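The file my_file07.csv comes next; it holds CSV, C-alpha atoms.
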chain,number,residue,atom,x,y,z
A,57,MET,CA,0.0,0.0,0.0
A,58,THR,CA,1.4,3.4,-0.9
A,59,ALA,CA,0.1,6.8,-0.1
A,60,HIS,CA,-1.4,7.0,-3.5
A,61,ASP,CA,-3.5,3.9,-2.8
A,62,ALA,CA,-4.9,5.4,0.4
A,63,ARG,CA,-8.2,7.0,-0.2
A,64,PHE,CA,-8.8,10.3,1.6
A,65,SER,CA,-12.2,11.5,2.7
A,66,ALA,CA,-13.5,14.2,0.4
A,67,ALA,CA,-17.0,14.7,1.8
A,68,GLY,CA,-17.2,13.2,5.3
A,69,ALA,CA,-16.6,9.5,4.3
A,70,PRO,CA,-14.3,7.5,6.5
A,71,LEU,CA,-10.6,7.2,5.4
A,72,THR,CA,-9.4,3.9,4.1
A,73,GLY,CA,-6.0,2.4,3.5
A,74,ALA,CA,-3.1,2.6,5.9
A,75,VAL,CA,-0.3,5.0,7.0
A,76,ASP,CA,2.5,5.0,4.5
A,77,MET,CA,6.0,6.3,4.8
A,78,THR,CA,5.2,9.1,2.4
A,79,HIS,CA,2.6,10.5,4.9
A,80,GLY,CA,5.6,11.6,6.9
A,81,SER,CA,7.7,12.9,4.0
A,82,GLY,CA,6.5,16.5,4.2
A,83,GLY,CA,5.4,16.3,0.6
A,84,ARG,CA,2.0,16.0,-1.1
A,85,ALA,CA,0.9,12.9,0.8
A,86,THR,CA,1.6,14.7,4.1
A,87,ALA,CA,-0.3,17.8,3.1
A,88,GLU,CA,-3.2,15.7,2.0
A,89,LEU,CA,-3.3,13.8,5.3
A,90,VAL,CA,-3.2,17.1,7.2
A,91,ARG,CA,-6.0,18.5,5.1
A,92,SER,CA,-8.3,15.5,5.0
A,93,LEU,CA,-7.8,14.4,8.6
A,94,PHE,CA,-6.3,16.8,11.1
A,95,LEU,CA,-7.6,20.1,9.6
A,96,LYS,CA,-11.0,18.5,8.9
A,97,HIS,CA,-11.6,17.4,12.5
A,98,PHE,CA,-9.6,20.0,14.5
A,99,ASP,CA,-10.8,22.9,12.3
A,100,ASN,CA,-10.4,26.4,13.9
A,101,PRO,CA,-9.1,29.7,12.7
A,102,LEU,CA,-5.6,29.4,14.1
A,103,LEU,CA,-5.0,26.0,12.6
A,104,ARG,CA,-6.7,27.0,9.4
A,105,ALA,CA,-4.1,29.8,8.9
A,106,GLY,CA,-1.6,27.0,8.0
A,107,ASN,CA,1.5,28.6,9.6
A,108,ASP,CA,4.2,26.7,11.4
A,109,GLY,CA,3.0,28.1,14.7
A,110,ALA,CA,-0.2,29.6,16.1
A,111,CYS,CA,0.0,33.3,16.8
A,112,PHE,CA,-2.4,34.7,19.5
A,113,GLN,CA,-2.7,37.5,22.0
A,114,PRO,CA,-1.9,36.2,25.6
A,115,PRO,CA,-4.5,37.3,28.2
A,116,ALA,CA,-3.6,39.0,31.4
A,117,GLY,CA,-2.1,36.8,34.2
A,118,ARG,CA,0.7,34.3,34.5
A,119,LEU,CA,1.1,31.8,31.7
A,120,VAL,CA,1.5,28.1,32.3
A,121,MET,CA,2.8,25.5,29.7
A,122,SER,CA,2.8,21.7,30.1
A,123,THR,CA,3.5,18.8,27.8
A,124,ASP,CA,2.7,15.1,28.0
A,125,ALA,CA,3.4,12.1,25.7
A,126,HIS,CA,0.8,9.3,25.4
A,127,VAL,CA,1.7,5.7,24.6
A,128,VAL,CA,-1.3,3.9,26.2
A,129,SER,CA,-1.9,0.3,25.2
A,130,PRO,CA,-4.5,-0.6,24.0
A,131,LEU,CA,-5.4,2.5,22.1
A,132,PHE,CA,-9.1,2.0,22.8
A,133,PHE,CA,-10.4,1.0,26.2
A,134,PRO,CA,-13.6,1.2,28.3
A,135,GLY,CA,-14.4,4.8,28.9
A,136,GLY,CA,-11.9,6.3,26.5
A,137,ASP,CA,-9.1,6.1,24.0
A,138,ILE,CA,-5.6,7.6,23.4
A,139,GLY,CA,-7.1,10.6,21.6
A,140,ALA,CA,-9.4,11.8,24.3
A,141,LEU,CA,-6.8,10.8,26.9
A,142,ALA,CA,-4.2,13.0,25.2
A,143,VAL,CA,-6.5,16.0,25.4
A,144,HIS,CA,-7.7,15.4,29.0
A,145,GLY,CA,-4.2,14.7,30.3
A,146,THR,CA,-2.7,18.0,29.2
A,147,ILE,CA,-5.7,20.1,30.1
A,148,ASN,CA,-5.5,18.6,33.6
A,149,ASP,CA,-1.8,19.3,33.9
A,150,ILE,CA,-2.5,23.0,33.1
A,151,ALA,CA,-5.5,23.1,35.4
A,152,MET,CA,-3.5,21.7,38.3
A,153,ALA,CA,-1.7,25.0,38.4
A,154,GLY,CA,-5.0,26.7,39.0
A,155,ALA,CA,-4.9,27.8,35.4
A,156,ARG,CA,-7.5,28.2,32.6
A,157,PRO,CA,-6.3,26.1,29.6
A,158,LEU,CA,-6.3,28.2,26.4
A,159,TYR,CA,-4.8,26.1,23.5
A,160,LEU,CA,-3.3,22.7,22.7
A,161,SER,CA,-0.8,21.4,20.2
A,162,ALA,CA,-0.6,17.8,19.1
A,163,ALA,CA,2.2,15.8,17.6
A,164,PHE,CA,1.6,12.3,16.1
A,165,ILE,CA,4.1,9.6,15.7
A,166,LEU,CA,2.5,7.1,13.3
A,167,GLU,CA,3.6,3.6,12.4
A,168,GLN,CA,3.7,2.5,8.8
A,169,GLY,CA,0.8,0.3,8.1
A,170,PHE,CA,-1.5,1.7,10.8
A,171,PRO,CA,-5.0,1.8,9.4
A,172,LEU,CA,-6.2,5.3,8.4
A,173,ALA,CA,-9.7,4.4,9.6
A,174,GLU,CA,-8.3,3.7,13.1
A,175,LEU,CA,-6.3,7.0,13.0
A,176,GLU,CA,-9.4,8.9,12.0
A,177,ARG,CA,-11.3,7.3,14.9
A,178,VAL,CA,-8.6,8.6,17.3
A,179,VAL,CA,-8.6,12.1,15.7
A,180,VAL,CA,-12.4,12.3,15.8
A,181,SER,CA,-12.4,11.4,19.5
A,182,MET,CA,-9.6,13.9,20.2
A,183,ALA,CA,-11.5,16.6,18.4
A,184,ALA,CA,-14.7,15.9,20.4
A,185,ALA,CA,-12.7,16.0,23.6
A,186,ALA,CA,-11.1,19.3,22.7
A,187,SER,CA,-14.4,20.8,21.6
A,188,ALA,CA,-16.3,19.7,24.7
A,189,ALA,CA,-13.5,21.2,26.9
A,190,GLY,CA,-13.5,24.4,24.9
A,191,VAL,CA,-9.7,24.2,24.3
A,192,PRO,CA,-8.8,24.1,20.6
A,193,ILE,CA,-5.9,22.3,19.0
A,194,VAL,CA,-4.2,25.1,17.1
A,195,THR,CA,-0.9,23.6,15.8
A,196,GLY,CA,0.8,20.2,15.5
A,197,ASP,CA,3.1,17.8,13.7
A,198,THR,CA,3.1,14.4,12.1
A,199,LYS,CA,5.9,11.9,11.7
A,200,VAL,CA,5.9,8.3,10.4
A,201,VAL,CA,8.2,5.5,11.5
A,202,GLU,CA,8.9,2.2,9.8
A,203,ARG,CA,6.7,-0.8,10.4
A,204,GLY,CA,7.7,-2.5,13.7
A,205,LYS,CA,9.3,0.6,15.1
A,206,GLY,CA,6.2,2.0,16.7
A,207,ASP,CA,2.9,0.7,18.2
A,208,GLY,CA,0.3,2.2,15.9
A,209,VAL,CA,0.2,5.8,17.2
A,210,PHE,CA,1.8,7.8,19.9
A,211,ILE,CA,0.6,11.3,20.7
A,212,THR,CA,2.3,14.2,22.4
A,213,THR,CA,0.1,17.2,23.4
A,214,THR,CA,1.3,20.5,24.8
A,215,GLY,CA,-1.0,23.0,26.4
A,216,ILE,CA,-0.8,26.7,27.4
A,217,GLY,CA,-3.0,28.4,30.0
A,218,VAL,CA,-3.3,31.4,32.2
A,219,VAL,CA,-3.4,31.6,36.0
A,220,PRO,CA,-5.9,34.2,37.3
A,221,ASP,CA,-4.6,36.9,39.6
A,222,GLY,CA,-4.8,36.0,43.2
A,223,VAL,CA,-4.4,32.2,42.7
A,224,GLU,CA,-1.2,30.6,44.0
A,225,VAL,CA,-1.2,26.9,43.6
A,226,SER,CA,2.0,24.8,43.8
A,227,GLY,CA,3.2,21.5,45.1
A,228,ASP,CA,5.5,23.1,47.7
A,229,ARG,CA,2.8,25.0,49.5
A,230,ALA,CA,1.3,22.2,51.8
A,231,ARG,CA,1.6,23.2,55.5
A,232,PRO,CA,1.0,21.2,58.7
A,233,GLY,CA,-2.6,21.2,59.7
A,234,ASP,CA,-3.8,21.4,56.0
A,235,VAL,CA,-6.6,19.1,54.9
A,236,ILE,CA,-6.2,16.6,52.0
A,237,LEU,CA,-9.2,16.0,49.7
A,238,VAL,CA,-9.7,13.8,46.6
A,239,SER,CA,-12.4,14.4,44.0
A,240,GLY,CA,-13.7,10.8,43.8
A,241,PRO,CA,-13.1,7.1,43.7
A,242,ILE,CA,-9.5,6.1,42.7
A,243,GLY,CA,-8.1,3.4,40.4
A,244,ASP,CA,-10.8,3.3,37.7
A,245,HIS,CA,-8.5,4.2,34.8
A,246,GLY,CA,-5.7,1.7,35.5
A,247,VAL,CA,-8.1,-1.2,36.1
A,248,ALA,CA,-10.0,-0.4,33.0
A,249,ILE,CA,-6.8,-0.5,30.9
A,250,LEU,CA,-5.7,-3.7,32.6
A,251,SER,CA,-9.1,-5.4,32.0
A,252,LYS,CA,-9.0,-4.5,28.3
A,253,ARG,CA,-5.3,-5.4,27.9
A,254,GLU,CA,-5.6,-8.8,29.6
A,255,ASN,CA,-9.1,-9.5,28.3
A,256,LEU,CA,-10.5,-9.8,31.8
A,257,ALA,CA,-14.2,-9.8,32.4
A,258,PHE,CA,-15.5,-8.5,35.7
A,259,GLU,CA,-19.0,-8.8,37.0
A,260,VAL,CA,-19.4,-5.0,36.5
A,261,GLU,CA,-17.6,-3.3,33.6
A,262,ILE,CA,-15.0,-0.9,34.9
A,263,CYS,CA,-14.6,2.3,32.8
A,264,SER,CA,-11.8,4.8,32.7
A,265,ASP,CA,-12.5,8.1,34.6
A,266,SER,CA,-10.7,10.0,31.8
A,267,ALA,CA,-12.1,13.6,31.9
A,268,ALA,CA,-11.0,17.2,31.6
A,269,LEU,CA,-11.0,18.7,35.1
A,270,HIS,CA,-10.4,22.4,34.3
A,271,ARG,CA,-14.0,23.5,34.9
A,272,LEU,CA,-14.1,21.7,38.3
A,273,VAL,CA,-10.8,23.5,39.1
A,274,ALA,CA,-12.2,26.8,38.0
A,275,SER,CA,-15.2,26.5,40.4
A,276,MET,CA,-12.8,25.5,43.2
A,277,VAL,CA,-10.3,28.3,42.9
A,278,GLU,CA,-13.1,30.8,42.4
A,279,ALA,CA,-14.9,29.8,45.6
A,280,VAL,CA,-11.7,28.9,47.6
A,281,PRO,CA,-8.7,30.9,46.4
A,282,GLU,CA,-6.8,29.7,49.5
A,283,ILE,CA,-6.2,26.3,47.9
A,284,ARG,CA,-2.5,25.5,48.3
A,285,VAL,CA,-2.0,22.4,46.1
A,286,LEU,CA,-3.7,20.7,43.2
A,287,ARG,CA,-2.4,17.6,41.5
A,288,ASP,CA,-3.9,14.8,39.4
A,289,PRO,CA,-2.9,11.4,40.6
A,290,THR,CA,-2.0,9.7,37.3
A,291,ARG,CA,0.9,7.3,37.0
A,292,GLY,CA,1.8,6.0,40.4
A,293,GLY,CA,-1.7,6.8,41.7
A,294,LEU,CA,-2.7,8.5,44.9
A,295,ALA,CA,0.2,7.1,46.9
A,296,THR,CA,3.0,8.3,44.7
A,297,THR,CA,1.4,11.7,44.0
A,298,LEU,CA,1.1,12.4,47.8
A,299,ASN,CA,4.7,11.4,48.3
A,300,GLU,CA,5.7,13.9,45.5
A,301,ILE,CA,3.8,16.7,47.3
A,302,ALA,CA,5.2,15.7,50.7
A,303,GLN,CA,8.8,15.9,49.3
A,304,GLN,CA,8.2,19.2,47.6
A,305,SER,CA,6.6,20.8,50.7
A,306,ARG,CA,8.9,19.0,53.2
A,307,VAL,CA,5.9,17.8,55.3
A,308,GLY,CA,4.4,14.5,56.3
A,309,MET,CA,0.9,13.3,55.6
A,310,ARG,CA,-1.5,11.1,57.6
A,311,LEU,CA,-4.3,9.4,55.6
A,312,GLU,CA,-7.4,7.6,56.8
A,313,GLU,CA,-7.8,4.4,54.7
A,314,ALA,CA,-11.6,4.2,55.5
A,315,ALA,CA,-12.1,7.7,54.0
A,316,ILE,CA,-10.4,7.0,50.7
A,317,PRO,CA,-13.1,6.3,48.1
A,318,VAL,CA,-12.7,3.2,45.9
A,319,ASN,CA,-15.4,1.8,43.7
A,320,GLU,CA,-16.4,-1.8,44.7
A,321,GLY,CA,-15.6,-3.1,41.2
A,322,VAL,CA,-12.1,-1.7,41.4
A,323,ARG,CA,-11.6,-2.9,45.0
A,324,ALA,CA,-12.7,-6.4,44.0
A,325,ALA,CA,-10.4,-6.4,40.9
A,326,CYS,CA,-7.4,-5.2,42.9
A,327,GLU,CA,-8.0,-8.0,45.5
A,328,LEU,CA,-8.3,-10.6,42.8
A,329,LEU,CA,-5.1,-9.4,41.0
A,330,GLY,CA,-3.0,-8.5,44.0
A,331,LEU,CA,-2.9,-4.8,43.3
A,332,ASP,CA,-3.2,-1.8,45.6
A,333,PRO,CA,-5.7,0.8,44.4
A,334,LEU,CA,-3.5,3.5,46.1
A,335,TYR,CA,-1.0,3.0,43.3
A,336,ILE,CA,-3.4,2.6,40.3
A,337,ALA,CA,-3.5,5.5,37.8
A,338,ASN,CA,-6.4,7.9,37.5
A,339,GLU,CA,-7.1,10.3,34.6
A,340,GLY,CA,-10.1,12.2,35.9
A,341,LYS,CA,-9.4,12.8,39.6
A,342,LEU,CA,-7.5,15.4,41.5
A,343,ILE,CA,-6.0,15.9,44.9
A,344,ALA,CA,-6.6,19.3,46.7
A,345,ILE,CA,-4.8,20.5,49.8
A,346,CYS,CA,-6.1,23.6,51.6
A,347,PRO,CA,-6.1,25.2,55.1
A,348,PRO,CA,-8.5,23.6,57.6
A,349,ASP,CA,-10.8,26.6,57.9
A,350,VAL,CA,-11.9,26.4,54.3
A,351,ALA,CA,-12.0,22.6,53.8
A,352,ALA,CA,-15.7,22.2,54.4
A,353,ARG,CA,-16.4,25.0,51.8
A,354,LEU,CA,-14.1,23.4,49.3
A,355,LEU,CA,-15.6,19.9,49.8
A,356,ALA,CA,-19.1,21.4,49.2
A,357,VAL,CA,-17.9,23.1,46.0
A,358,MET,CA,-16.3,19.9,44.7
A,359,ARG,CA,-19.4,17.8,45.5
A,360,ALA,CA,-21.6,20.3,43.6
A,361,HIS,CA,-19.7,19.6,40.4
A,362,PRO,CA,-20.5,16.5,38.2
A,363,LEU,CA,-16.8,15.5,38.2
A,364,GLY,CA,-16.5,15.9,42.0
A,365,LEU,CA,-19.6,14.1,43.3
A,366,GLY,CA,-17.6,11.5,45.1
A,367,SER,CA,-15.2,14.0,46.8
A,368,ALA,CA,-14.0,13.2,50.2
A,369,VAL,CA,-11.6,14.4,52.9
A,370,ILE,CA,-8.9,11.7,53.2
A,371,GLY,CA,-6.4,13.0,55.6
A,372,GLU,CA,-4.2,15.8,56.9
A,373,VAL,CA,-0.8,17.3,56.5
A,374,VAL,CA,1.5,16.9,59.4
A,375,GLY,CA,5.0,18.2,60.4
A,376,ASP,CA,7.6,15.5,59.4
A,377,PRO,CA,11.1,16.3,58.3
A,378,ASN,CA,11.3,12.9,56.7
A,379,ALA,CA,8.2,13.6,54.5
A,380,PHE,CA,6.6,10.3,55.2
A,381,VAL,CA,3.1,9.5,54.1
A,382,GLN,CA,1.4,7.3,56.7
A,383,MET,CA,-2.1,5.8,56.8
A,384,ARG,CA,-4.3,4.6,59.6
A,385,THR,CA,-5.7,1.3,58.3
A,386,VAL,CA,-9.3,0.2,58.6
A,387,PHE,CA,-8.1,-2.2,61.3
A,388,GLY,CA,-6.8,0.7,63.4
A,389,GLY,CA,-3.1,0.1,62.7
A,390,SER,CA,-0.7,2.4,60.9
A,391,ARG,CA,1.5,1.8,57.9
A,392,ILE,CA,3.8,3.8,55.6
A,393,VAL,CA,2.5,4.6,52.2
A,394,ASP,CA,5.7,4.6,50.2
A,395,TRP,CA,6.5,5.6,46.6
A,396,LEU,CA,5.6,3.2,43.9
A,397,ASN,CA,8.5,0.8,43.5
A,398,GLY,CA,8.9,-0.3,39.9
A,399,GLU,CA,6.1,-0.3,37.4
A,400,GLN,CA,2.8,-1.7,38.6
A,401,LEU,CA,1.0,-1.2,35.2
A,402,PRO,CA,3.1,0.0,32.2
A,403,ARG,CA,1.6,1.9,29.3
A,404,ILE,CA,-1.4,3.2,31.1
A,405,CYS,CA,-1.4,6.8,29.7

Serialized structure, structure tokens:
Amino acid sequence: MTAHDARFSAAGAPLTGAVDMTHGSGGRATAELVRSLFLKHFDNPLLRAGNDGACFQPPAGRLVMSTDAHVVSPLFFPGGDIGALAVHGTINDIAMAGARPLYLSAAFILEQGFPLAELERVVVSMAAAASAAGVPIVTGDTKVVERGKGDGVFITTTGIGVVPDGVEVSGDRARPGDVILVSGPIGDHGVAILSKRENLAFEVEICSDSAALHRLVASMVEAVPEIRVLRDPTRGGLATTLNEIAQQSRVGMRLEEAAIPVNEGVRAACELLGLDPLYIANEGKLIAICPPDVAARLLAVMRAHPLGLGSAVIGEVVGDPNAFVQMRTVFGGSRIVDWLNGEQLPRIC
């Protein structure tokens, strides 16, 4: 199959054929792929201008930029796919600075032979996620690698956003006495990926929680500007993310195991597979740390948002020069919640 054999959509029909090396040559085939696929689905004025970069007027405030590479396997999983995940992941990284995401860029590494119809399915999902979030994809790039040197498609997204005046959110701002909150049940994304990858069937289908959290964050920082830390617990899960924050802030943390929300399906799957939900990745949850006098208000705001219905207070920040994260278990004992050691689930985002 050559690029000339691949049929491009002219009036909304799905693409056929497969990715060819000439799609990454920078020549006519590349231009046709961009026109008939990426521009068609990501269409917006900045992208349509066709320049090497998107030129826009930055709004007032402090700018935030973040980038993330996505290599998830399988590409399609219950509750999401690599396209939507690439959009949500970078929007969330921007939002965790308390920022409003403005624009995204997307770079695609395509493997020779990858079906164009599958690529279009990814791009359509990505476009829908960006449109729903109100964060357009305004520039990008495409490269093609030889057959066997990729895994279908890898996507890197970069985002830029702006932090409103008066918002100061950073991983080094947790203080003893602060309250730790999480926006809902943990572990759904990682277990959903595992179930699809290993063809495991559970009594209840477990879907990824992949979602863009910027609107939840906007409501939180507007109502409670005293929020000190925001972080989405992706790779390494809740446990590793809290250890990262503890190290940054040079504090300890004390968790209540009984207060940490975990869906019953995820809990059962983890018990069956010998996994700890504290270390399972999430793609639609966040951790918030705030002073104790505003915690009840913040919890109410989070629970009032559709993506924060399952929010809970899960612990407190304590003074500890060793930056240990500890947890009181449901049996009344105590244990250290350490960093993730090794890779519990590879290729989950």

Legend entry - Which residue of A:Met121, A:Cys346, A:Val127, A:Leu250 approaches Gly227 of chain A most closely, using only C-alpha atoms: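 The answer is A:Cys346, which sits nearest to Gly227 of chain A.
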
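Here atom CA of Gly204 of chain A stands at a distance of 27.4 Å from atom CA of Val247 of chain A.
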
Inset, instruction - Compile the contact shell of Leu103 of chain A as a PyMOL selection string: residues with an atom at most 6 Å away, counting all atoms listed in the file, same-chain residues fewer than 2 positions apart removed. - result: chain A and resi 100-101+105-106+194-195

Counting all atoms listed in the file, select every polymer residue within 6 Å of (-8.8, 11.3, 43.2) as defined in the file's coordinates, and provide the selection as a PDB file with C-alpha atoms, in the frame of the given file.
ATOM      1  CA  VAL A 238      -9.700  13.800  46.600  1.00  0.00           C
ATOM      2  CA  SER A 239     -12.400  14.400  44.000  1.00  0.00           C
ATOM      3  CA  GLY A 240     -13.700  10.800  43.800  1.00  0.00           C
ATOM      4  CA  ILE A 242      -9.500   6.100  42.700  1.00  0.00           C
ATOM      5  CA  LYS A 341      -9.400  12.800  39.600  1.00  0.00           C
ATOM      6  CA  LEU A 342      -7.500  15.400  41.500  1.00  0.00           C
ATOM      7  CA  ILE A 343      -6.000  15.900  44.900  1.00  0.00           C
TER       8      ILE A 343
END

Inset, instruction - Would you kindly identify which residues have an atom no farther than 7 Å from (-0.6, 24.1, 41.0), using only C-alpha atoms and the file's own coordinates, and write them out as an MDAnalysis selection string? - result: chainID A and resid 152:154 225:227 285:287

For the selection you just gave me, I'd like the residues written to a file as an mmCIF file, keeping the file's coordinate frame, keeping C-alpha atoms.
data_model
loop_
_atom_site.group_PDB
_atom_site.id
_atom_site.type_symbol
_atom_site.label_atom_id
_atom_site.label_comp_id
_atom_site.auth_asym_id
_atom_site.auth_seq_id
_atom_site.Cartn_x
_atom_site.Cartn_y
_atom_site.Cartn_z
ATOM 1 C CA MET A 152 -3.500 21.700 38.300
ATOM 2 C CA ALA A 153 -1.700 25.000 38.400
ATOM 3 C CA GLY A 154 -5.000 26.700 39.000
ATOM 4 C CA VAL A 225 -1.200 26.900 43.600
ATOM 5 C CA SER A 226 2.000 24.800 43.800
ATOM 6 C CA GLY A 227 3.200 21.500 45.100
ATOM 7 C CA VAL A 285 -2.000 22.400 46.100
ATOM 8 C CA LEU A 286 -3.700 20.700 43.200
ATOM 9 C CA ARG A 287 -2.400 17.600 41.500
#

Legend entry - From A:Arg84, A:Arg291, A:His79, A:Arg253, residue lying nearest Tyr335 of chain A [all atoms listed in the file]: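 The answer is A:Arg291, which sits nearest to Tyr335 of chain A.
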
With 12 Å as the cut-off and only C-alpha atoms counted, what is the closest atom pair between each nearby residue of segment 97-174 of chain A and segment 259-270 of chain A? Distances in Å to one decimal, ordered by chain and number, as CSV.
residue,atom,partner,partner_atom,distance
A:Phe132,CA,A:Ser264,CA,10.6
A:Phe133,CA,A:Ser264,CA,7.7
A:Pro134,CA,A:Cys263,CA,4.7
A:Gly135,CA,A:Ser264,CA,4.6
A:Gly136,CA,A:Ser264,CA,6.4
A:Asp137,CA,A:Ser266,CA,8.9
A:Ile138,CA,A:Ser266,CA,10.1
A:Gly139,CA,A:Ser266,CA,10.8
A:Ala140,CA,A:Ser266,CA,7.8
A:Leu141,CA,A:Ser266,CA,6.3
A:Ala142,CA,A:Ser266,CA,9.7
A:Val143,CA,A:Ala268,CA,7.8
A:His144,CA,A:Ala268,CA,4.6
A:Gly145,CA,A:Ala268,CA,7.4
A:Thr146,CA,A:Ala268,CA,8.7
A:Ile147,CA,A:Ala268,CA,6.2
A:Asn148,CA,A:Leu269,CA,5.7
A:Asp149,CA,A:His270,CA,9.2
A:Ile150,CA,A:His270,CA,8.0
A:Ala151,CA,A:His270,CA,5.1
A:Met152,CA,A:His270,CA,8.0
A:Ala153,CA,A:His270,CA,10.0
A:Gly154,CA,A:His270,CA,8.4
A:Ala155,CA,A:His270,CA,7.8
A:Arg156,CA,A:His270,CA,6.7
A:Pro157,CA,A:His270,CA,7.3
A:Leu158,CA,A:His270,CA,10.6

Inset, instruction - Grab the atom CA of Gly83 of chain A to atom CA of Phe112 of chain A distance for me, in Å with one decimal place. - result: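 The value is 27.5 Å.
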
Any chance you could turn segment 239-253 of chain A into a file with N, CA and C atoms, as a PDB file, in the first residue's frame?
ATOM      1  N   SER A 239     -11.102  14.035  44.668  1.00  0.00           N
ATOM      2  CA  SER A 239     -12.358  14.386  44.004  1.00  0.00           C
ATOM      3  C   SER A 239     -13.262  13.201  43.689  1.00  0.00           C
ATOM      4  N   GLY A 240     -12.846  11.973  44.034  1.00  0.00           N
ATOM      5  CA  GLY A 240     -13.716  10.836  43.778  1.00  0.00           C
ATOM      6  C   GLY A 240     -12.973   9.519  43.887  1.00  0.00           C
ATOM      7  N   PRO A 241     -13.665   8.413  43.557  1.00  0.00           N
ATOM      8  CA  PRO A 241     -13.054   7.082  43.684  1.00  0.00           C
ATOM      9  C   PRO A 241     -11.802   6.935  42.837  1.00  0.00           C
ATOM     10  N   ILE A 242     -10.815   6.256  43.382  1.00  0.00           N
ATOM     11  CA  ILE A 242      -9.527   6.116  42.702  1.00  0.00           C
ATOM     12  C   ILE A 242      -9.405   4.747  42.031  1.00  0.00           C
ATOM     13  N   GLY A 243      -8.549   4.694  41.014  1.00  0.00           N
ATOM     14  CA  GLY A 243      -8.144   3.416  40.418  1.00  0.00           C
ATOM     15  C   GLY A 243      -8.916   2.987  39.183  1.00  0.00           C
ATOM     16  N   ASP A 244      -9.964   3.723  38.809  1.00  0.00           N
ATOM     17  CA  ASP A 244     -10.802   3.269  37.697  1.00  0.00           C
ATOM     18  C   ASP A 244     -10.010   3.160  36.380  1.00  0.00           C
ATOM     19  N   HIS A 245      -9.191   4.174  36.078  1.00  0.00           N
ATOM     20  CA  HIS A 245      -8.499   4.180  34.785  1.00  0.00           C
ATOM     21  C   HIS A 245      -7.547   2.992  34.647  1.00  0.00           C
ATOM     22  N   GLY A 246      -6.704   2.805  35.629  1.00  0.00           N
ATOM     23  CA  GLY A 246      -5.711   1.731  35.535  1.00  0.00           C
ATOM     24  C   GLY A 246      -6.354   0.359  35.424  1.00  0.00           C
ATOM     25  N   VAL A 247      -7.402   0.128  36.181  1.00  0.00           N
ATOM     26  CA  VAL A 247      -8.064  -1.183  36.132  1.00  0.00           C
ATOM     27  C   VAL A 247      -8.804  -1.355  34.808  1.00  0.00           C
ATOM     28  N   ALA A 248      -9.376  -0.279  34.262  1.00  0.00           N
ATOM     29  CA  ALA A 248     -10.034  -0.363  32.956  1.00  0.00           C
ATOM     30  C   ALA A 248      -9.026  -0.751  31.870  1.00  0.00           C
ATOM     31  N   ILE A 249      -7.843  -0.135  31.905  1.00  0.00           N
ATOM     32  CA  ILE A 249      -6.793  -0.480  30.935  1.00  0.00           C
ATOM     33  C   ILE A 249      -6.382  -1.944  31.100  1.00  0.00           C
ATOM     34  N   LEU A 250      -6.168  -2.341  32.336  1.00  0.00           N
ATOM     35  CA  LEU A 250      -5.730  -3.718  32.590  1.00  0.00           C
ATOM     36  C   LEU A 250      -6.770  -4.719  32.111  1.00  0.00           C
ATOM     37  N   SER A 251      -8.044  -4.444  32.365  1.00  0.00           N
ATOM     38  CA  SER A 251      -9.086  -5.386  31.983  1.00  0.00           C
ATOM     39  C   SER A 251      -9.142  -5.557  30.464  1.00  0.00           C
ATOM     40  N   LYS A 252      -8.968  -4.457  29.730  1.00  0.00           N
ATOM     41  CA  LYS A 252      -8.982  -4.546  28.267  1.00  0.00           C
ATOM     42  C   LYS A 252      -7.724  -5.229  27.754  1.00  0.00           C
ATOM     43  N   ARG A 253      -6.583  -4.873  28.326  1.00  0.00           N
ATOM     44  CA  ARG A 253      -5.305  -5.427  27.852  1.00  0.00           C
ATOM     45  C   ARG A 253      -5.232  -6.929  28.062  1.00  0.00           C
TER      46      ARG A 253
END
